[in-house]
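One file, data21.pdb, carrying PDB, C-alpha atoms and all ligand atoms:
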```
ATOM      1  CA  MET U 583      12.473 120.068  87.129  1.00  0.00           C
ATOM      2  CA  ASN U 584       9.654 122.634  87.031  1.00  0.00           C
ATOM      3  CA  LYS U 585       8.155 123.172  83.613  1.00  0.00           C
ATOM      4  CA  LYS U 586       8.423 126.574  81.993  1.00  0.00           C
ATOM      5  CA  ILE U 587       5.447 128.887  82.433  1.00  0.00           C
ATOM      6  CA  PHE U 588       3.700 129.231  79.070  1.00  0.00           C
ATOM      7  CA  ILE U 589       2.235 132.696  78.474  1.00  0.00           C
ATOM      8  CA  LEU U 590       0.157 133.316  75.382  1.00  0.00           C
ATOM      9  CA  GLY U 591      -0.606 136.835  74.173  1.00  0.00           C
ATOM     10  CA  ILE U 592      -3.683 137.075  71.956  1.00  0.00           C
ATOM     11  CA  ASN U 593      -3.735 140.027  69.599  1.00  0.00           C
ATOM     12  CA  GLY U 594      -7.205 141.154  68.570  1.00  0.00           C
ATOM     13  CA  SER U 595      -5.949 143.805  66.177  1.00  0.00           C
ATOM     14  CA  THR U 596      -5.803 143.444  62.405  1.00  0.00           C
ATOM     15  CA  ARG U 597      -2.355 145.081  62.670  1.00  0.00           C
ATOM     16  CA  LYS U 598       0.307 142.559  63.584  1.00  0.00           C
ATOM     17  CA  ILE U 599       2.876 145.210  64.465  1.00  0.00           C
ATOM     18  CA  GLY U 600       0.436 147.834  65.692  1.00  0.00           C
ATOM     19  CA  ASN U 601       0.025 149.501  69.077  1.00  0.00           C
ATOM     20  CA  THR U 602      -1.703 146.545  70.732  1.00  0.00           C
ATOM     21  CA  ALA U 603       0.855 144.010  69.516  1.00  0.00           C
ATOM     22  CA  LYS U 604       3.694 146.262  70.721  1.00  0.00           C
ATOM     23  CA  LEU U 605       2.174 146.640  74.184  1.00  0.00           C
ATOM     24  CA  LEU U 606       1.523 142.894  74.380  1.00  0.00           C
ATOM     25  CA  LYS U 607       5.098 142.169  73.380  1.00  0.00           C
ATOM     26  CA  ARG U 608       6.479 144.529  76.021  1.00  0.00           C
ATOM     27  CA  VAL U 609       4.592 142.628  78.742  1.00  0.00           C
ATOM     28  CA  LEU U 610       5.662 139.252  77.353  1.00  0.00           C
ATOM     29  CA  ASP U 611       9.301 140.368  77.230  1.00  0.00           C
ATOM     30  CA  TYR U 612       9.159 141.639  80.807  1.00  0.00           C
ATOM     31  CA  ALA U 613       7.538 138.358  81.887  1.00  0.00           C
ATOM     32  CA  LYS U 614      10.271 136.317  80.230  1.00  0.00           C
ATOM     33  CA  ASP U 615      12.878 138.432  81.922  1.00  0.00           C
ATOM     34  CA  TYR U 616      11.143 138.296  85.325  1.00  0.00           C
ATOM     35  CA  ALA U 617      10.790 134.506  85.150  1.00  0.00           C
ATOM     36  CA  LYS U 618      14.454 134.032  84.284  1.00  0.00           C
ATOM     37  CA  LYS U 619      14.997 131.532  87.092  1.00  0.00           C
ATOM     38  CA  GLU U 620      12.168 129.121  86.278  1.00  0.00           C
ATOM     39  CA  GLY U 621      11.880 130.154  82.634  1.00  0.00           C
ATOM     40  CA  ALA U 622       8.871 131.327  80.656  1.00  0.00           C
ATOM     41  CA  LYS U 623       7.849 130.486  77.140  1.00  0.00           C
ATOM     42  CA  THR U 624       5.959 133.255  75.352  1.00  0.00           C
ATOM     43  CA  GLU U 625       4.017 133.371  72.105  1.00  0.00           C
ATOM     44  CA  ILE U 626       1.658 135.787  70.342  1.00  0.00           C
ATOM     45  CA  LEU U 627      -1.411 134.518  68.553  1.00  0.00           C
ATOM     46  CA  HIS U 628      -2.617 137.032  65.977  1.00  0.00           C
ATOM     47  CA  LEU U 629      -6.329 136.385  65.527  1.00  0.00           C
ATOM     48  CA  ILE U 630      -6.164 137.940  62.042  1.00  0.00           C
ATOM     49  CA  ASP U 631      -4.056 134.951  60.900  1.00  0.00           C
ATOM     50  CA  LYS U 632      -6.757 132.481  61.858  1.00  0.00           C
ATOM     51  CA  ASP U 633      -9.971 131.336  60.277  1.00  0.00           C
ATOM     52  CA  ILE U 634     -12.479 132.011  63.058  1.00  0.00           C
ATOM     53  CA  ASN U 635     -16.074 132.161  61.906  1.00  0.00           C
ATOM     54  CA  PRO U 636     -18.878 133.871  63.820  1.00  0.00           C
ATOM     55  CA  CYS U 637     -20.652 131.862  66.505  1.00  0.00           C
ATOM     56  CA  LEU U 638     -23.852 130.262  65.168  1.00  0.00           C
ATOM     57  CA  SER U 639     -25.590 130.343  68.554  1.00  0.00           C
ATOM     58  CA  CYS U 640     -26.232 126.591  68.722  1.00  0.00           C
ATOM     59  CA  LEU U 641     -26.506 127.360  72.439  1.00  0.00           C
ATOM     60  CA  ALA U 642     -29.966 128.824  71.832  1.00  0.00           C
ATOM     61  CA  GLU U 643     -31.122 125.304  70.865  1.00  0.00           C
ATOM     62  CA  GLU U 644     -29.004 123.581  73.492  1.00  0.00           C
ATOM     63  CA  LYS U 645     -26.821 122.144  70.725  1.00  0.00           C
ATOM     64  CA  CYS U 646     -23.585 123.921  71.591  1.00  0.00           C
ATOM     65  CA  LYS U 647     -20.866 121.362  72.172  1.00  0.00           C
ATOM     66  CA  TYR U 648     -17.099 121.171  72.501  1.00  0.00           C
ATOM     67  CA  PRO U 649     -15.027 121.434  70.295  1.00  0.00           C
ATOM     68  CA  CYS U 650     -17.708 123.440  68.414  1.00  0.00           C
ATOM     69  CA  ASN U 651     -20.017 122.524  65.548  1.00  0.00           C
ATOM     70  CA  ILE U 652     -18.116 124.902  63.259  1.00  0.00           C
ATOM     71  CA  LYS U 653     -14.941 123.297  61.942  1.00  0.00           C
ATOM     72  CA  ASP U 654     -12.309 125.966  61.479  1.00  0.00           C
ATOM     73  CA  ASP U 655      -9.144 127.099  63.300  1.00  0.00           C
ATOM     74  CA  MET U 656     -10.847 127.184  66.719  1.00  0.00           C
ATOM     75  CA  GLN U 657     -10.118 123.476  67.221  1.00  0.00           C
ATOM     76  CA  GLU U 658      -6.342 124.031  66.967  1.00  0.00           C
ATOM     77  CA  ILE U 659      -6.698 127.118  69.179  1.00  0.00           C
ATOM     78  CA  PHE U 660      -8.486 125.050  71.849  1.00  0.00           C
ATOM     79  CA  GLU U 661      -5.564 122.590  71.786  1.00  0.00           C
ATOM     80  CA  LEU U 662      -3.139 125.503  72.206  1.00  0.00           C
ATOM     81  CA  LEU U 663      -5.186 126.980  75.053  1.00  0.00           C
ATOM     82  CA  LYS U 664      -5.047 123.678  76.929  1.00  0.00           C
ATOM     83  CA  LYS U 665      -1.249 123.989  77.020  1.00  0.00           C
ATOM     84  CA  VAL U 666      -1.005 127.576  78.284  1.00  0.00           C
ATOM     85  CA  ASP U 667      -0.740 128.565  81.945  1.00  0.00           C
ATOM     86  CA  CYS U 668      -1.385 132.176  81.441  1.00  0.00           C
ATOM     87  CA  LEU U 669      -3.039 134.479  78.884  1.00  0.00           C
ATOM     88  CA  ILE U 670      -2.963 138.138  77.951  1.00  0.00           C
ATOM     89  CA  LEU U 671      -5.854 139.276  75.803  1.00  0.00           C
ATOM     90  CA  GLY U 672      -5.092 142.393  73.794  1.00  0.00           C
ATOM     91  CA  SER U 673      -7.504 144.523  71.821  1.00  0.00           C
ATOM     92  CA  PRO U 674      -7.482 147.895  70.136  1.00  0.00           C
ATOM     93  CA  THR U 675     -10.429 150.090  71.088  1.00  0.00           C
ATOM     94  CA  TYR U 676     -13.007 150.161  68.330  1.00  0.00           C
ATOM     95  CA  TRP U 677     -15.862 152.544  69.048  1.00  0.00           C
ATOM     96  CA  TYR U 678     -15.439 152.490  72.835  1.00  0.00           C
ATOM     97  CA  SER U 679     -15.362 148.714  72.912  1.00  0.00           C
ATOM     98  CA  LEU U 680     -13.229 145.721  71.969  1.00  0.00           C
ATOM     99  CA  SER U 681     -12.406 144.857  68.339  1.00  0.00           C
ATOM    100  CA  GLY U 682     -14.690 142.626  66.292  1.00  0.00           C
ATOM    101  CA  LEU U 683     -11.885 140.068  65.977  1.00  0.00           C
ATOM    102  CA  MET U 684     -11.550 139.771  69.746  1.00  0.00           C
ATOM    103  CA  LYS U 685     -15.312 139.738  70.320  1.00  0.00           C
ATOM    104  CA  ASN U 686     -15.743 136.999  67.726  1.00  0.00           C
ATOM    105  CA  PHE U 687     -12.974 134.958  69.382  1.00  0.00           C
ATOM    106  CA  ILE U 688     -14.561 135.342  72.833  1.00  0.00           C
ATOM    107  CA  ASP U 689     -17.954 134.304  71.429  1.00  0.00           C
ATOM    108  CA  ARG U 690     -16.371 131.166  69.979  1.00  0.00           C
ATOM    109  CA  LEU U 691     -14.928 130.287  73.404  1.00  0.00           C
ATOM    110  CA  THR U 692     -18.513 129.351  74.283  1.00  0.00           C
ATOM    111  CA  ALA U 693     -17.886 125.778  73.048  1.00  0.00           C
ATOM    112  CA  GLN U 694     -15.147 125.233  75.643  1.00  0.00           C
ATOM    113  CA  ASP U 695     -17.484 126.657  78.289  1.00  0.00           C
ATOM    114  CA  MET U 696     -19.613 123.513  77.780  1.00  0.00           C
ATOM    115  CA  LEU U 697     -16.804 121.467  79.365  1.00  0.00           C
ATOM    116  CA  GLU U 698     -16.801 120.825  83.100  1.00  0.00           C
ATOM    117  CA  PRO U 699     -14.439 122.494  83.822  1.00  0.00           C
ATOM    118  CA  PRO U 700     -13.926 124.800  80.843  1.00  0.00           C
ATOM    119  CA  ILE U 701     -10.409 125.051  79.375  1.00  0.00           C
ATOM    120  CA  MET U 702     -10.261 128.599  80.745  1.00  0.00           C
ATOM    121  CA  ASP U 703     -10.779 127.368  84.305  1.00  0.00           C
ATOM    122  CA  GLY U 704      -7.778 128.344  86.404  1.00  0.00           C
ATOM    123  CA  LYS U 705      -5.877 130.072  83.602  1.00  0.00           C
ATOM    124  CA  VAL U 706      -4.306 133.271  84.857  1.00  0.00           C
ATOM    125  CA  VAL U 707      -5.341 136.174  82.666  1.00  0.00           C
ATOM    126  CA  GLY U 708      -4.417 139.816  82.122  1.00  0.00           C
ATOM    127  CA  PHE U 709      -5.629 142.400  79.613  1.00  0.00           C
ATOM    128  CA  VAL U 710      -4.164 145.006  77.299  1.00  0.00           C
ATOM    129  CA  ALA U 711      -6.015 147.626  75.265  1.00  0.00           C
ATOM    130  CA  THR U 712      -4.961 150.636  73.250  1.00  0.00           C
ATOM    131  CA  ALA U 713      -6.916 153.612  71.950  1.00  0.00           C
ATOM    132  CA  GLY U 714      -6.162 156.579  69.727  1.00  0.00           C
ATOM    133  CA  LEU U 715      -7.844 158.875  72.209  1.00  0.00           C
ATOM    134  CA  GLU U 716     -10.083 157.249  74.788  1.00  0.00           C
ATOM    135  CA  GLY U 717     -12.216 154.208  75.557  1.00  0.00           C
ATOM    136  CA  SER U 718      -9.619 151.499  76.183  1.00  0.00           C
ATOM    137  CA  GLN U 719     -10.980 150.843  79.694  1.00  0.00           C
ATOM    138  CA  GLN U 720     -14.285 149.781  78.137  1.00  0.00           C
ATOM    139  CA  ALA U 721     -12.451 147.390  75.812  1.00  0.00           C
ATOM    140  CA  ILE U 722     -10.735 145.845  78.848  1.00  0.00           C
ATOM    141  CA  THR U 723     -14.056 145.421  80.666  1.00  0.00           C
ATOM    142  CA  GLN U 724     -15.588 143.669  77.667  1.00  0.00           C
ATOM    143  CA  MET U 725     -12.783 141.087  77.735  1.00  0.00           C
ATOM    144  CA  LEU U 726     -12.472 140.755  81.504  1.00  0.00           C
ATOM    145  CA  ILE U 727     -16.088 139.894  82.366  1.00  0.00           C
ATOM    146  CA  PRO U 728     -16.496 136.962  79.925  1.00  0.00           C
ATOM    147  CA  LEU U 729     -13.083 135.510  80.815  1.00  0.00           C
ATOM    148  CA  SER U 730     -13.821 135.671  84.519  1.00  0.00           C
ATOM    149  CA  SER U 731     -17.197 134.106  83.805  1.00  0.00           C
ATOM    150  CA  MET U 732     -15.391 131.203  82.081  1.00  0.00           C
ATOM    151  CA  GLY U 733     -13.313 130.471  85.167  1.00  0.00           C
ATOM    152  CA  ALA U 734     -10.111 132.337  84.317  1.00  0.00           C
ATOM    153  CA  ILE U 735      -8.320 133.949  87.253  1.00  0.00           C
ATOM    154  CA  VAL U 736      -7.945 137.677  86.759  1.00  0.00           C
ATOM    155  CA  VAL U 737      -4.538 138.876  87.883  1.00  0.00           C
ATOM    156  CA  PRO U 738      -4.245 141.872  90.257  1.00  0.00           C
ATOM    157  CA  TYR U 739      -3.761 145.133  88.297  1.00  0.00           C
ATOM    158  CA  SER U 740      -4.909 143.190  85.224  1.00  0.00           C
ATOM    159  CA  ASP U 741      -5.885 146.207  83.143  1.00  0.00           C
ATOM    160  CA  LEU U 742      -3.044 147.647  81.109  1.00  0.00           C
ATOM    161  CA  PHE U 743      -4.349 150.310  78.784  1.00  0.00           C
ATOM    162  CA  SER U 744      -3.064 153.191  76.796  1.00  0.00           C
ATOM    163  CA  ASN U 745      -5.016 156.134  75.470  1.00  0.00           C
ATOM    164  CA  ALA U 746      -3.318 158.368  72.878  1.00  0.00           C
ATOM    165  CA  GLY U 747      -0.031 156.495  73.290  1.00  0.00           C
ATOM    166  CA  LYS U 748       0.094 157.137  77.032  1.00  0.00           C
ATOM    167  CA  VAL U 749       0.056 154.061  79.243  1.00  0.00           C
ATOM    168  CA  TRP U 750      -2.226 154.752  82.211  1.00  0.00           C
ATOM    169  CA  ARG U 751      -0.410 155.117  85.552  1.00  0.00           C
ATOM    170  CA  THR U 752       3.048 155.814  84.100  1.00  0.00           C
ATOM    171  CA  GLU U 753       2.479 159.394  85.290  1.00  0.00           C
ATOM    172  CA  LEU U 754       2.748 158.039  88.846  1.00  0.00           C
ATOM    173  CA  GLY U 755       6.162 156.572  88.157  1.00  0.00           C
ATOM    174  CA  ILE U 756       4.700 153.061  87.929  1.00  0.00           C
ATOM    175  CA  ASN U 757       5.705 150.745  85.096  1.00  0.00           C
ATOM    176  CA  PRO U 758       2.345 149.022  84.494  1.00  0.00           C
ATOM    177  CA  GLU U 759       3.769 146.667  81.830  1.00  0.00           C
ATOM    178  CA  LYS U 760       6.395 145.405  84.257  1.00  0.00           C
ATOM    179  CA  ARG U 761       3.857 145.137  87.079  1.00  0.00           C
ATOM    180  CA  LEU U 762       1.439 143.110  84.950  1.00  0.00           C
ATOM    181  CA  ALA U 763       4.264 140.805  83.833  1.00  0.00           C
ATOM    182  CA  LYS U 764       5.447 140.273  87.414  1.00  0.00           C
ATOM    183  CA  ASN U 765       1.938 139.595  88.702  1.00  0.00           C
ATOM    184  CA  LEU U 766       1.162 137.164  85.874  1.00  0.00           C
ATOM    185  CA  ILE U 767       4.258 135.112  86.701  1.00  0.00           C
ATOM    186  CA  ASN U 768       3.773 135.232  90.475  1.00  0.00           C
ATOM    187  CA  LEU U 769       0.072 134.339  90.350  1.00  0.00           C
ATOM    188  CA  THR U 770       0.704 131.552  87.823  1.00  0.00           C
ATOM    189  CA  LYS U 771       3.247 130.039  90.210  1.00  0.00           C
ATOM    190  CA  ILE U 772       0.655 130.094  92.992  1.00  0.00           C
ATOM    191  CA  VAL U 773      -2.217 128.583  90.999  1.00  0.00           C
ATOM    192  CA  ASN U 774      -0.305 126.246  88.670  1.00  0.00           C
ATOM    193  CA  GLY U 775      -1.718 122.735  88.659  1.00  0.00           C
ATOM    194  CA  LYS U 776      -5.011 123.870  90.136  1.00  0.00           C
ATOM    195  CA  GLN U 777      -6.895 123.941  86.835  1.00  0.00           C
ATOM    196  CA  GLY U 778     -10.345 122.455  87.291  1.00  0.00           C
ATOM    197  CA  LYS U 779     -10.346 122.954  91.055  1.00  0.00           C
ATOM    198  CA  TRP U 780     -12.408 126.131  90.800  1.00  0.00           C
ATOM    199  CA  PHE U 781     -15.357 124.835  88.798  1.00  0.00           C
TER     200      PHE U 781
HETATM  201  C1  LIG U 801     -12.913 150.968  63.623  1.00  0.00           C
HETATM  202  C2  LIG U 801     -12.081 151.774  64.570  1.00  0.00           C
HETATM  203  C3  LIG U 801     -12.669 152.315  65.684  1.00  0.00           C
HETATM  204  C4  LIG U 801     -11.926 153.061  66.599  1.00  0.00           C
HETATM  205  N1  LIG U 801     -12.525 153.566  67.711  1.00  0.00           N
HETATM  206  C5  LIG U 801     -11.810 154.269  68.607  1.00  0.00           C
HETATM  207  C6  LIG U 801     -12.420 154.790  69.778  1.00  0.00           C
HETATM  208  O1  LIG U 801     -13.592 154.594  70.070  1.00  0.00           O
HETATM  209  N2  LIG U 801     -11.646 155.520  70.624  1.00  0.00           N
HETATM  210  C7  LIG U 801     -10.334 155.783  70.358  1.00  0.00           C
HETATM  211  O2  LIG U 801      -9.704 156.469  71.126  1.00  0.00           O
HETATM  212  N3  LIG U 801      -9.707 155.245  69.289  1.00  0.00           N
HETATM  213  C8  LIG U 801     -10.415 154.504  68.401  1.00  0.00           C
HETATM  214  N4  LIG U 801      -9.785 153.957  67.304  1.00  0.00           N
HETATM  215  C9  LIG U 801      -8.312 154.043  67.208  1.00  0.00           C
HETATM  216  C10 LIG U 801      -7.620 152.762  67.717  1.00  0.00           C
HETATM  217  O3  LIG U 801      -8.164 152.336  68.950  1.00  0.00           O
HETATM  218  C11 LIG U 801      -6.123 152.953  67.945  1.00  0.00           C
HETATM  219  O4  LIG U 801      -5.518 153.454  66.785  1.00  0.00           O
HETATM  220  C12 LIG U 801      -5.468 151.666  68.392  1.00  0.00           C
HETATM  221  O5  LIG U 801      -4.301 151.937  69.127  1.00  0.00           O
HETATM  222  C13 LIG U 801      -5.143 150.763  67.224  1.00  0.00           C
HETATM  223  O6  LIG U 801      -4.499 149.605  67.695  1.00  0.00           O
HETATM  224  P1  LIG U 801      -3.604 148.701  66.734  1.00  0.00           P
HETATM  225  O7  LIG U 801      -2.444 149.539  66.296  1.00  0.00           O
HETATM  226  O8  LIG U 801      -3.195 147.563  67.580  1.00  0.00           O
HETATM  227  O9  LIG U 801      -4.489 148.281  65.609  1.00  0.00           O
HETATM  228  C14 LIG U 801     -10.523 153.234  66.381  1.00  0.00           C
HETATM  229  C15 LIG U 801      -9.928 152.671  65.248  1.00  0.00           C
HETATM  230  C16 LIG U 801     -10.690 151.959  64.352  1.00  0.00           C
HETATM  231  C17 LIG U 801     -10.019 151.367  63.148  1.00  0.00           C
END
```

What is this file in structure tokens?
Amino acid sequence: MNKKIFILGINGSTRKIGNTAKLLKRVLDYAKDYAKKEGAKTEILHLIDKDINPCLSCLAEEKCKYPCNIKDDMQEIFELLKKVDCLILGSPTYWYSLSGLMKNFIDRLTAQDMLEPPIMDGKVVGFVATAGLEGSQQAITQMLIPLSSMGAIVVPYSDLFSNAGKVWRTELGINPEKRLAKNLINLTKIVNGKQGKWF
């Protein structure tokens, strides 16, 4: 029997039932529904619940090592990340960029980037960002580039963003949440089991 696809949403907002969490949840719900046949397990990790300290830049002295010199909740998060097939990173827009919580988390992923291959290698990834007015595209870019650089596979139409409560592209009659969910499931099915083959 095929194992269920495990999709983890990561919420980089301090608000656990805010705009970003709601958008993340919509995609996860669509994904669960779309993957009805094979089944999908979904979960949201709220970064605000975790003790994640700032990166100490051991890398600058070539002392960065997995699972990180800082002992905090990143070790349990690394274990969780090993189990997921697919990730959705979500951030509110803070000053035309990603949130500090999400940036800090991405910085701390550096320890897993010391592995050959990194844990992120071959994980299918999509992105969600919200903004009061504008700037959510920049937040997406700031998440997308590092994740791609760590070996994650960016899903087609990966950038789901809303400015002023309006999800981009809905004006064209597209449901971008549904499309992202569908593409995450379909791409995960294609690449599943190929983790480490891209390094
Ligand atoms: C520190 C801070 C900076 C913000 N910067 C921007 C911004 O540059 N552009 C914008 O449109 N909204 C900005 N906002 C508004 C948030 O992006 C918006 O309310 C977002 O949807 C909040 O997401 P959440 O409900 O998941 O926390 C900012 C909010 C905060 C708290």

Would you list the residues that come within 9 Å of ligand LIG 801 (chain U)? Count only C-alpha atoms and all ligand atoms and give the answer as a short mmCIF file (atom, residue, chain, number, x, y, z; two decimals) with C-alpha atoms, in the frame of the given file.
```
data_model
loop_
_atom_site.label_atom_id
_atom_site.label_comp_id
_atom_site.auth_asym_id
_atom_site.auth_seq_id
_atom_site.Cartn_x
_atom_site.Cartn_y
_atom_site.Cartn_z
CA ASN U 593 -3.74 140.03 69.60
CA GLY U 594 -7.20 141.15 68.57
CA SER U 595 -5.95 143.80 66.18
CA THR U 596 -5.80 143.44 62.40
CA ARG U 597 -2.36 145.08 62.67
CA LYS U 598 0.31 142.56 63.58
CA ILE U 599 2.88 145.21 64.46
CA GLY U 600 0.44 147.83 65.69
CA ASN U 601 0.02 149.50 69.08
CA THR U 602 -1.70 146.54 70.73
CA ALA U 603 0.86 144.01 69.52
CA LYS U 604 3.69 146.26 70.72
CA LEU U 605 2.17 146.64 74.18
CA GLY U 672 -5.09 142.39 73.79
CA SER U 673 -7.50 144.52 71.82
CA PRO U 674 -7.48 147.90 70.14
CA THR U 675 -10.43 150.09 71.09
CA TYR U 676 -13.01 150.16 68.33
CA TRP U 677 -15.86 152.54 69.05
CA TYR U 678 -15.44 152.49 72.83
CA SER U 679 -15.36 148.71 72.91
CA LEU U 680 -13.23 145.72 71.97
CA SER U 681 -12.41 144.86 68.34
CA GLY U 682 -14.69 142.63 66.29
CA ALA U 711 -6.02 147.63 75.26
CA THR U 712 -4.96 150.64 73.25
CA ALA U 713 -6.92 153.61 71.95
CA GLY U 714 -6.16 156.58 69.73
CA LEU U 715 -7.84 158.88 72.21
CA GLU U 716 -10.08 157.25 74.79
CA GLY U 717 -12.22 154.21 75.56
CA SER U 718 -9.62 151.50 76.18
CA SER U 744 -3.06 153.19 76.80
CA ASN U 745 -5.02 156.13 75.47
CA ALA U 746 -3.32 158.37 72.88
CA GLY U 747 -0.03 156.50 73.29
#
```

All residues 10 Å or closer to Leu627 of chain U, all atoms listed in the file, same chain fewer than 2 positions away omitted, as a PDB file with C-alpha atoms, keeping the file's coordinate frame:
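Once everything was written out, this is around.pdb:
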```pdb
ATOM      1  CA  LEU U 590       0.157 133.316  75.382  1.00  0.00           C
ATOM      2  CA  GLY U 591      -0.606 136.835  74.173  1.00  0.00           C
ATOM      3  CA  ILE U 592      -3.683 137.075  71.956  1.00  0.00           C
ATOM      4  CA  ASN U 593      -3.735 140.027  69.599  1.00  0.00           C
ATOM      5  CA  GLY U 594      -7.205 141.154  68.570  1.00  0.00           C
ATOM      6  CA  LYS U 598       0.307 142.559  63.584  1.00  0.00           C
ATOM      7  CA  ALA U 603       0.855 144.010  69.516  1.00  0.00           C
ATOM      8  CA  GLU U 625       4.017 133.371  72.105  1.00  0.00           C
ATOM      9  CA  LEU U 629      -6.329 136.385  65.527  1.00  0.00           C
ATOM     10  CA  ILE U 630      -6.164 137.940  62.042  1.00  0.00           C
ATOM     11  CA  ASP U 631      -4.056 134.951  60.900  1.00  0.00           C
ATOM     12  CA  LYS U 632      -6.757 132.481  61.858  1.00  0.00           C
ATOM     13  CA  ILE U 659      -6.698 127.118  69.179  1.00  0.00           C
ATOM     14  CA  LEU U 662      -3.139 125.503  72.206  1.00  0.00           C
ATOM     15  CA  LEU U 671      -5.854 139.276  75.803  1.00  0.00           C
TER      16      LEU U 671
END
```

Next item on the list: Go through U:Arg690, U:His628, U:Lys779, U:Lys653 one by one, measure the shortest atom-to-atom distance of each to Ala734 of chain U using only C-alpha atoms, and give the residue with the smallest value.
Entry: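 Of all the options, U:Lys779 lies closest to Ala734 of chain U.
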
Check: So how many Å separate atom CA of Leu683 of chain U and atom CA of Ala721 of chain U, to one decimal?
Finding: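 Straight-line distance from atom CA of Leu683 of chain U to atom CA of Ala721 of chain U works out to 12.3 Å.
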
Note to self: So, with only C-alpha atoms as the atoms that count, which of U:Leu669, U:Asn686, U:Pro699, U:Gln657 lies closest to Leu762 of chain U?
What the structure shows: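 Of all the options, U:Leu669 lies closest to Leu762 of chain U.
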
Notebook entry, point to check: At what distance in Å, to one decimal, does atom CA of Tyr612 of chain U lie from atom CA of Val749 of chain U?
Noted result: 15.5 Å

Check: Which one of U:Asn635, U:Thr624, U:Asn651, U:Gln777 sits closest to Gly733 of chain U if you count all atoms listed in the file?
Finding: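 With all atoms listed in the file as the atom set, the closest residue is U:Gln777.
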
Note to self: When you look at Ser639 of chain U with a cut-off of 12 Å (counting only C-alpha atoms), what residues show up, excluding the ones that are within fewer than 3 positions of it in the same chain? I need them as a PyMOL selection string.
What the structure shows: chain U and resi 635-636+642-647+650-652+686+689-693

Next item on the list: Rank nothing, just name the residue among U:Gln724, U:Ser740, U:Gln719, U:Gln694 nearest to Ala763 of chain U, using only C-alpha atoms.
Entry: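 Ranked by minimum distance to Ala763 of chain U, first place goes to U:Ser740.
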
Next item on the list: Quote the spacing between atom CA of Pro700 of chain U and atom CA of Met732 of chain U in Å to one decimal place.
Entry: 6.7 Å

Next item on the list: Give as a ChimeraX atom specification the set of residues within 6 Å of the point (5.8, 135.3, 78.7), where distances use the file's coordinates and all atoms listed in the file.
Entry: /U:589,610,613-614,622-624

Item checked: Within 12 Å of Ile772 of chain U using all atoms listed in the file, minus same-chain residues under 4 positions, as a list of chain:residue names ->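 Listing them by chain and then by number gives U:Ile587, U:Asp667, U:Cys668, U:Gly704, U:Lys705, U:Val706, U:Ile735, U:Val737, U:Asn765, U:Leu766, U:Ile767, U:Asn768, U:Lys776, U:Gln777.
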
Output for the residues just chosen: C-alpha atoms as a CSV table (one decimal), keeping the file's coordinate frame:
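This went into again_25.csv:
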```
chain,number,residue,atom,x,y,z
U,587,ILE,CA,5.4,128.9,82.4
U,667,ASP,CA,-0.7,128.6,81.9
U,668,CYS,CA,-1.4,132.2,81.4
U,704,GLY,CA,-7.8,128.3,86.4
U,705,LYS,CA,-5.9,130.1,83.6
U,706,VAL,CA,-4.3,133.3,84.9
U,735,ILE,CA,-8.3,133.9,87.3
U,737,VAL,CA,-4.5,138.9,87.9
U,765,ASN,CA,1.9,139.6,88.7
U,766,LEU,CA,1.2,137.2,85.9
U,767,ILE,CA,4.3,135.1,86.7
U,768,ASN,CA,3.8,135.2,90.5
U,776,LYS,CA,-5.0,123.9,90.1
U,777,GLN,CA,-6.9,123.9,86.8
```

Check: Neighbours of Asp633 of chain U within 8 Å (all atoms listed in the file; same-chain residues fewer than 3 positions away dropped), as a PyMOL selection string?
Finding: chain U and resi 630+654-656

Please rebuild segment 756-765 of chain U with N, CA and C atoms and return the result as a short mmCIF file (atom, residue, chain, number, x, y, z; two decimals), in the frame of the given file.
```cif
data_model
loop_
_atom_site.label_atom_id
_atom_site.label_comp_id
_atom_site.auth_asym_id
_atom_site.auth_seq_id
_atom_site.Cartn_x
_atom_site.Cartn_y
_atom_site.Cartn_z
N ILE U 756 4.87 154.52 87.94
CA ILE U 756 4.70 153.06 87.93
C ILE U 756 5.02 152.57 86.52
N ASN U 757 5.56 151.37 86.41
CA ASN U 757 5.70 150.74 85.10
C ASN U 757 4.63 149.65 85.01
N PRO U 758 3.45 149.99 84.47
CA PRO U 758 2.35 149.02 84.49
C PRO U 758 2.61 147.76 83.69
N GLU U 759 3.44 147.86 82.63
CA GLU U 759 3.77 146.67 81.83
C GLU U 759 4.55 145.67 82.69
N LYS U 760 5.53 146.23 83.41
CA LYS U 760 6.40 145.40 84.26
C LYS U 760 5.57 144.79 85.40
N ARG U 761 4.67 145.61 85.97
CA ARG U 761 3.86 145.14 87.08
C ARG U 761 2.93 144.01 86.62
N LEU U 762 2.32 144.16 85.46
CA LEU U 762 1.44 143.11 84.95
C LEU U 762 2.24 141.83 84.71
N ALA U 763 3.42 141.98 84.11
CA ALA U 763 4.26 140.80 83.83
C ALA U 763 4.63 140.08 85.13
N LYS U 764 5.05 140.85 86.12
CA LYS U 764 5.45 140.27 87.41
C LYS U 764 4.26 139.56 88.07
N ASN U 765 3.11 140.20 88.05
CA ASN U 765 1.94 139.60 88.70
C ASN U 765 1.46 138.35 87.97
#
```
